[in-house]
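Please read the structure below before turning to the comments.
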Amino acid sequence: MSKLHVANEKLKQGKVDSAFSMIKAVLENEPDHLDALVLAGQIQQGQGHHEQAVFYLRKALDLVPGHAILSANLAAVHLALGQPRVAEPLARAAVSRLPDHFGARLNFGLALFAQRRYESSLTEFSAALKLQPDNLLALKGMAHALQRSKKTHFSTRLMLQEVLERLPGDPETLAMLADSHIQNAETDKGLSLFEELLDSDKDISTEDGSRYFDSYLLALQYRQETVATDLLKAGHLWATRFSQNEPVGLRVHVGRKLRIGWISPRFSGGPVACFLLPVMEAFDRSRAEHYLYAARSQEGPISDRFRQQADFWCELDEQSSDEAAALIASHELDILVDLAGHSPGGMLTSLCRRPAIVQVSWLDSFCTTGSQHIDAFFSDAYLSPPGDEKYFTEALVRLEPARLCYRPQIPVPQAPRHMGEPGIVFASFNRLSKLGDKVLRAWAKILDALPGSRLVLRNSMFDDSQVCKAFYQRCDDLGLLQTRVLVHGYCDYAEIMASYADVDIVLDPFPFSGCTTTCDALWMGVPIITRVGSTLVSRQSGAILNALDLGRFVTETTPDYINAAIALARNGARRSELRISLRQMMKKTFDPQTFSDHLLDQLEKLASQSRE
């Protein structure tokens with residue numbers, strides 16, 4: 001009886017270590033023994049020794065290049081190591097040779113999903129489910145990919161619920177189900193699920209746990225009852241759980257050009273494109289070097305423009321928090337600016353290793369991080385009036401004239417108001433998650449007071465017909481007639497900007513107000529009515545309007561909000577004047593050159609204080 005046969009028998013008896021010793025003995029005599037290499041790799045894979053499994057399986061694959069099953073197995077090991085880019089070509093090769101191999105299809109889908117290529121992963125998960133309709137891993141992959149691709153929200157929810165029935169308490173699925181409720185403006189249901197997840201005794205990694213908590217903290221800001229003390233309490237709790245990391249070694253540098261790091265998952269569009277890119281393009285290059293860290297892989301014209309402004313560009317997509325922190329620390333920055341905070345894709349856990357001497361929270365961050373490792377929070381005097389220091393663990397630095405400086409992502413022509421059907425057209429191009437019941441009730445009263453008026457809404461959630469149906473039903477229940485509300489799904493940025501030519505007034509949601517959408521509307525000459533609250537995120541539109549000396553459009557109560565919208569709707573002359581003047585007002589108030597100089601002054605000041 002051969003040693004390999006004996007090893008197989010021992011494996012059947014559960015004597016793994018003994019079996020592996022015999023296989024190693026075979027390989028000592030025959031290093032290229034294919035069956036022994038495969039079996040050794042499988043044993044190491046089963047025991048979670050993934051690096052060793054790669055060694056044996058890779059050597060086996062070198063002996064039989066293109067072997068489909070070996071390729072699929074090796075792809076699975078690289079996925080377990082968190083290396084989806086390495087796994088993808090292996091799984092792809094396996095699928096091309098054995099299209100009906102379940103494992104190859106599943107691994108290919110998982111590799112694509114891990115790289116956020118959600119729509120492509122759907123094809124593979126769907127094929128895997130056809131091969132094994134009851135397979136839980138394929139069902140879970142399909143449900144997760146559908147949720148992340150945001151294509152079929154309500155049918156996806158049913159799939160997520162089915163996964164949870166078969167895999168109770170699965171953390172990632174529970175988080176996605178919670179997010180599904182949040183995105184559909186079912187805030188209380190979503191928060192309840194997040195609380196269930198965060199209070200569970202499931203074995204959740206630090207990075208995943210922090211990500212779930214980030215989503216919870218962001219969702220808190222959609223709730224009407226949330227006040228600043230709630231966010232401070234949540235920030236402290238996050239820090240207690242996820243911010244207790246040993247800092248990496250750092251040293252202060254004197255006598256060289258300021259070295260600033262900027263870290264974001266969104267260097268490809270959105271708020272970072274509108275509020276950082278114009279400022280970065282206006283920076284005095286003689287004053288500082290700029291290191292840009294993309295928390296996710298970036299492609300497209302916006303990220304290309306960011307790359308052009310970077311003295312150093314780095315993508316951290318497949319790095320752990322500790323690996324990213326070590327890499328950033330190796331660049332010996334004077335100051336690191338985090339542009340995400342607790343928003344999706346942020347890397348606060350990396351910053352809690354303090355990879356830079358001074359660390360700042362800014363831009364896509366709406367409340368305290370809660371971490372002692374973040375030194376300053378950039379705000380402004382309107383968003384954070386005197387006394388708000390008590391709601392932040394960071395030192396408040398108030399920028400002027402406002403927290404942000406805006407320019408559109410692309411050049412857009414000024415558009416006069418189109419002559420369409422009679423009646424005032426209101427609009428809101430914000431996320432559906434912001435459109436809670438109190439917002440819809442207020443909008444119903446505004447439309448009721450203005451016969452012939454209409455409301456236009458735009459966001460990608462409305463690409464799902466079931467979402468539209470549910471939303472219209474909610475409108476009816478709250479007194480907002482379907483016949484006066486028109487919803488649109490996804491369109492690109494240029495189309496969004498052009499569509500303001502058909503809008504008279506933008507209605508800001510509350511308490512989570514607009515910011516980029518507010519600036520977009522004002523740039524296109526459309527005024528906005530907002531209702532501010534006690535949290536920073538509720539004052540974003542108010543801060544922008546205040547900087548433009550348009551405080552008359554900022555209200556503090558829902559009745560005042562309704563009355564202000566009605567009054568502006570009845571003042572055609574004022575709207576016509578604003579259509580012509582708003583863009584010039586925006587250009588004058590939010591000047592990238594002036595703002596960039598002021599921002600660098602504040603960063604230099606923080607850096608110099610650290611050297612004292």
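Numbering starts fresh at 1 for the residues of each chain in the structure tokens, the chains themselves are lettered A, B, ... in the order given, and ligands are numbered from 1 as they appear.
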Dump as a tab-separated table the rows for residues of stretch 234-290 of chain A within 9 Å of stretch 313-327 of chain A: closest atom pair and distance in Å with one decimal, only C-alpha atoms counted, ordered by chain and rising residue number.
```
residue	atom	partner	partner_atom	distance
A:Val248	CA	A:Ala326	CA	7.0
A:Pro265	CA	A:Asp317	CA	8.9
A:His290	CA	A:Trp313	CA	8.7
```
Checklist line | For stretch 209-224 of chain A: contacts at 8 Å, only C-alpha atoms, fewer than 2 positions along chain excluded, given as a ChimeraX atom specification | finding: /A:175,179,182,187-188,190-191,194-195,198,204-207,226,231,234-235,238,242,342-345,349,433-434,510-512,537
Check: What are the DSSP helix (DSSP H, G or I) residues of stretch 13-232 of chain A, as a VMD selection string?
Finding: chain A and resid 16 to 29 34 to 46 50 to 63 68 to 80 84 to 97 102 to 114 118 to 131 136 to 149 153 to 166 171 to 183 187 to 198 206 to 220 228 to 232
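The interatomic distance for the pair atom CA of A:Asp504 and atom CA of A:Asn563 works out to 15.9 Å.
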Checklist line | Filtered DSSP result for stretch 438-512 of chain A, state strand (DSSP E or B), as number ranges by chain | finding: A: 454-458, 485-488, 505-507
Filtering to all heavy atoms, could you give me those residues as an mmCIF file, in the first residue's frame?
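Output saved as result32.cif:
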```cif
data_model
loop_
_atom_site.group_PDB
_atom_site.id
_atom_site.type_symbol
_atom_site.label_atom_id
_atom_site.label_comp_id
_atom_site.auth_asym_id
_atom_site.auth_seq_id
_atom_site.Cartn_x
_atom_site.Cartn_y
_atom_site.Cartn_z
ATOM 1 N N ARG A 454 -46.151 71.255 -8.767
ATOM 2 C CA ARG A 454 -45.732 69.863 -8.898
ATOM 3 C C ARG A 454 -44.397 69.665 -8.178
ATOM 4 O O ARG A 454 -43.681 70.634 -7.910
ATOM 5 C CB ARG A 454 -45.567 69.468 -10.382
ATOM 6 C CG ARG A 454 -46.825 69.685 -11.194
ATOM 7 C CD ARG A 454 -46.662 69.292 -12.655
ATOM 8 N NE ARG A 454 -45.613 69.969 -13.373
ATOM 9 C CZ ARG A 454 -45.678 71.239 -13.790
ATOM 10 N NH1 ARG A 454 -46.748 71.967 -13.538
ATOM 11 N NH2 ARG A 454 -44.682 71.776 -14.465
ATOM 12 N N LEU A 455 -44.093 68.410 -7.911
ATOM 13 C CA LEU A 455 -42.851 68.055 -7.222
ATOM 14 C C LEU A 455 -42.112 67.015 -8.048
ATOM 15 O O LEU A 455 -42.667 65.983 -8.403
ATOM 16 C CB LEU A 455 -43.154 67.499 -5.832
ATOM 17 C CG LEU A 455 -41.966 66.975 -5.008
ATOM 18 C CD1 LEU A 455 -40.978 68.095 -4.690
ATOM 19 C CD2 LEU A 455 -42.463 66.323 -3.712
ATOM 20 N N VAL A 456 -40.837 67.285 -8.352
ATOM 21 C CA VAL A 456 -39.997 66.365 -9.122
ATOM 22 C C VAL A 456 -38.897 65.827 -8.207
ATOM 23 O O VAL A 456 -38.186 66.595 -7.552
ATOM 24 C CB VAL A 456 -39.365 67.073 -10.342
ATOM 25 C CG1 VAL A 456 -38.465 66.108 -11.102
ATOM 26 C CG2 VAL A 456 -40.444 67.625 -11.251
ATOM 27 N N LEU A 457 -38.770 64.510 -8.180
ATOM 28 C CA LEU A 457 -37.757 63.853 -7.344
ATOM 29 C C LEU A 457 -36.850 63.016 -8.226
ATOM 30 O O LEU A 457 -37.307 62.379 -9.178
ATOM 31 C CB LEU A 457 -38.422 62.969 -6.294
ATOM 32 C CG LEU A 457 -39.459 63.651 -5.393
ATOM 33 C CD1 LEU A 457 -40.123 62.628 -4.487
ATOM 34 C CD2 LEU A 457 -38.817 64.759 -4.565
ATOM 35 N N ARG A 458 -35.559 63.006 -7.894
ATOM 36 C CA ARG A 458 -34.587 62.204 -8.642
ATOM 37 C C ARG A 458 -33.675 61.464 -7.683
ATOM 38 O O ARG A 458 -33.054 62.082 -6.815
ATOM 39 C CB ARG A 458 -33.697 63.092 -9.529
ATOM 40 C CG ARG A 458 -34.309 63.549 -10.814
ATOM 41 C CD ARG A 458 -33.268 64.270 -11.679
ATOM 42 N NE ARG A 458 -33.857 64.764 -12.900
ATOM 43 C CZ ARG A 458 -34.006 64.053 -14.002
ATOM 44 N NH1 ARG A 458 -33.591 62.800 -14.016
ATOM 45 N NH2 ARG A 458 -34.545 64.571 -15.081
ATOM 46 N N VAL A 485 -46.695 64.322 -8.128
ATOM 47 C CA VAL A 485 -45.303 63.944 -7.851
ATOM 48 C C VAL A 485 -44.770 63.129 -9.016
ATOM 49 O O VAL A 485 -45.379 62.142 -9.431
ATOM 50 C CB VAL A 485 -45.207 63.118 -6.549
ATOM 51 C CG1 VAL A 485 -43.757 62.737 -6.275
ATOM 52 C CG2 VAL A 485 -45.792 63.889 -5.374
ATOM 53 N N LEU A 486 -43.622 63.526 -9.537
ATOM 54 C CA LEU A 486 -42.980 62.813 -10.636
ATOM 55 C C LEU A 486 -41.611 62.347 -10.172
ATOM 56 O O LEU A 486 -40.798 63.150 -9.696
ATOM 57 C CB LEU A 486 -42.832 63.730 -11.858
ATOM 58 C CG LEU A 486 -42.238 63.115 -13.127
ATOM 59 C CD1 LEU A 486 -43.144 62.011 -13.653
ATOM 60 C CD2 LEU A 486 -42.019 64.184 -14.193
ATOM 61 N N VAL A 487 -41.357 61.026 -10.283
ATOM 62 C CA VAL A 487 -40.071 60.486 -9.830
ATOM 63 C C VAL A 487 -39.236 60.038 -11.027
ATOM 64 O O VAL A 487 -39.769 59.552 -12.024
ATOM 65 C CB VAL A 487 -40.256 59.318 -8.838
ATOM 66 C CG1 VAL A 487 -41.044 59.763 -7.622
ATOM 67 C CG2 VAL A 487 -40.915 58.121 -9.505
ATOM 68 N N HIS A 488 -37.914 60.229 -10.914
ATOM 69 C CA HIS A 488 -36.957 59.816 -11.940
ATOM 70 C C HIS A 488 -35.849 59.010 -11.282
ATOM 71 O O HIS A 488 -35.451 59.287 -10.146
ATOM 72 C CB HIS A 488 -36.331 61.027 -12.635
ATOM 73 C CG HIS A 488 -37.308 61.872 -13.394
ATOM 74 N ND1 HIS A 488 -37.779 61.536 -14.632
ATOM 75 C CD2 HIS A 488 -37.899 63.055 -13.069
ATOM 76 C CE1 HIS A 488 -38.626 62.474 -15.054
ATOM 77 N NE2 HIS A 488 -38.711 63.400 -14.122
ATOM 78 N N ILE A 505 -38.041 75.944 -7.584
ATOM 79 C CA ILE A 505 -37.578 75.998 -6.192
ATOM 80 C C ILE A 505 -37.187 74.595 -5.749
ATOM 81 O O ILE A 505 -37.890 73.624 -6.041
ATOM 82 C CB ILE A 505 -38.687 76.523 -5.247
ATOM 83 C CG1 ILE A 505 -39.141 77.927 -5.654
ATOM 84 C CG2 ILE A 505 -38.217 76.531 -3.790
ATOM 85 C CD1 ILE A 505 -40.400 78.401 -4.933
ATOM 86 N N VAL A 506 -36.071 74.493 -5.043
ATOM 87 C CA VAL A 506 -35.664 73.228 -4.446
ATOM 88 C C VAL A 506 -36.123 73.197 -2.992
ATOM 89 O O VAL A 506 -35.962 74.175 -2.252
ATOM 90 C CB VAL A 506 -34.142 73.040 -4.529
ATOM 91 C CG1 VAL A 506 -33.673 71.945 -3.578
ATOM 92 C CG2 VAL A 506 -33.729 72.701 -5.955
ATOM 93 N N LEU A 507 -36.714 72.079 -2.596
ATOM 94 C CA LEU A 507 -37.124 71.857 -1.212
ATOM 95 C C LEU A 507 -36.103 70.936 -0.553
ATOM 96 O O LEU A 507 -35.923 69.793 -0.972
ATOM 97 C CB LEU A 507 -38.518 71.237 -1.162
ATOM 98 C CG LEU A 507 -39.651 72.103 -1.735
ATOM 99 C CD1 LEU A 507 -40.961 71.326 -1.743
ATOM 100 C CD2 LEU A 507 -39.798 73.393 -0.935
#
```
Notebook entry, point to check: Can you list, as a PyMOL selection string, every protein, DNA or RNA residue that comes within 12 Å of stretch 134-143 of chain A when you count only C-alpha atoms, leaving out same-chain residues fewer than 5 positions away?
Noted result: chain A and resi 102-114+118-129+148-167+170-174+176-177+180
Notebook entry, point to check: Between A:Cys519, A:Ile69, A:Ala178, A:Ala498, which is the closest to A:Ala93 once you count only C-alpha atoms?
Noted result: A:Ile69
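Interatomic distance, atom CA of A:Tyr472 against atom CA of A:Gly436: 13.1 Å.
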Check: If you count only C-alpha atoms, which residues fall within 9 Å of A:Thr369, apart from same-chain ones fewer than 4 positions away, as a list in words?
Finding: Leu232, Gly235, His236, Trp238, Ala239, Gly341, His342, Leu348, Ser361, Ser365, Ile374, Phe377, Phe392, Thr393 and Glu394 of chain A
Convert the current residue selection to file output with N, CA and C atoms, as a compact mmCIF listing (two decimals), in the first residue's frame.
```
# COMPACT_ATOMS: atom_id res chain seq x y z
N LEU A 232 -22.51 62.41 19.88
CA LEU A 232 -21.31 62.38 20.71
C LEU A 232 -21.23 61.06 21.48
N GLY A 235 -20.29 58.37 19.10
CA GLY A 235 -18.88 58.51 18.75
C GLY A 235 -17.97 57.95 19.84
N HIS A 236 -18.30 58.23 21.09
CA HIS A 236 -17.52 57.69 22.21
C HIS A 236 -17.58 56.16 22.23
N TRP A 238 -18.14 54.17 19.65
CA TRP A 238 -17.32 53.66 18.54
C TRP A 238 -15.84 53.64 18.95
N ALA A 239 -15.40 54.74 19.54
CA ALA A 239 -13.99 54.85 19.91
C ALA A 239 -13.61 53.80 20.95
N GLY A 341 -14.70 60.35 7.47
CA GLY A 341 -15.27 60.18 8.80
C GLY A 341 -15.95 58.84 8.93
N HIS A 342 -17.20 58.86 9.42
CA HIS A 342 -17.98 57.62 9.59
C HIS A 342 -18.84 57.32 8.37
N LEU A 348 -11.27 55.15 9.26
CA LEU A 348 -10.94 55.69 10.57
C LEU A 348 -10.12 54.72 11.41
N SER A 361 -10.32 65.73 10.59
CA SER A 361 -11.55 65.23 9.97
C SER A 361 -12.24 66.38 9.25
N SER A 365 -17.68 64.30 6.50
CA SER A 365 -17.76 63.89 7.90
C SER A 365 -18.68 64.88 8.60
N ILE A 374 -7.87 61.73 16.42
CA ILE A 374 -8.20 62.79 15.45
C ILE A 374 -8.13 64.10 16.20
N PHE A 377 -11.37 69.00 13.89
CA PHE A 377 -12.53 68.81 13.02
C PHE A 377 -12.79 70.15 12.34
N PHE A 392 -17.77 67.57 20.45
CA PHE A 392 -16.66 67.03 19.66
C PHE A 392 -15.51 66.62 20.56
N THR A 393 -14.92 65.47 20.25
CA THR A 393 -13.70 65.08 20.94
C THR A 393 -12.49 65.75 20.30
N GLU A 394 -12.66 66.25 19.08
CA GLU A 394 -11.60 66.97 18.37
C GLU A 394 -11.69 68.47 18.67
```
Item checked: Contacts of stretch 13-24 of chain A within 8 Å, only C-alpha atoms, excl. fewer than 4 positions in-chain, as a PyMOL selection string -> chain A and resi 3-4+6-9+28+36+39-40+43
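Shortest atom-to-atom contact with A:Asp364 among A:Ala444, A:Ala340, A:Cys352, A:Leu480: A:Ala340, counting only C-alpha atoms.
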Next item on the list: Go through A:Asn73, A:Thr589, A:Ser460, A:Ser384 and flag the residue nearest A:Gln44, using only C-alpha atoms for the distances.
Entry: A:Asn73
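Between atom CA of A:Gln602 and atom CA of A:Ala376 lies a distance of 10.5 Å.
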Notebook entry, point to check: Which of these residues is nearest to A:Val26, using only C-alpha atoms: A:Arg117, A:His67, A:His5, A:His49?
Noted result: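 Answer, going by the shortest atom-to-atom distance: A:His5.
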Do you know which residues are at most 8 Å from A:Thr535 counting only C-alpha atoms, after dropping those on the same chain fewer than 4 positions away, and could you put them as a PDB file with C-alpha atoms, in the first residue's frame?
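Now in selection-v8.pdb:
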```
ATOM      1  CA  THR A 226     -31.477  62.702  16.991  1.00  0.00           C
ATOM      2  CA  VAL A 227     -29.611  65.537  18.723  1.00  0.00           C
ATOM      3  CA  ALA A 228     -25.913  66.357  18.939  1.00  0.00           C
ATOM      4  CA  ARG A 539     -27.431  72.894   8.964  1.00  0.00           C
TER       5      ARG A 539
END
```
Checklist line | Which of A:Ile424, A:Ala75, A:Thr516, A:Arg441 sits closest to A:Leu568 [using only C-alpha atoms] | finding: A:Ile424
Notebook entry, point to check: Looking at only C-alpha atoms, which of A:Ser350, A:Asn184, A:Gln308, A:Asn29 is the one that sits closest to A:Ile328?
Noted result: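 When distances to A:Ile328 are compared using only C-alpha atoms, the smallest one comes from A:Ser350.
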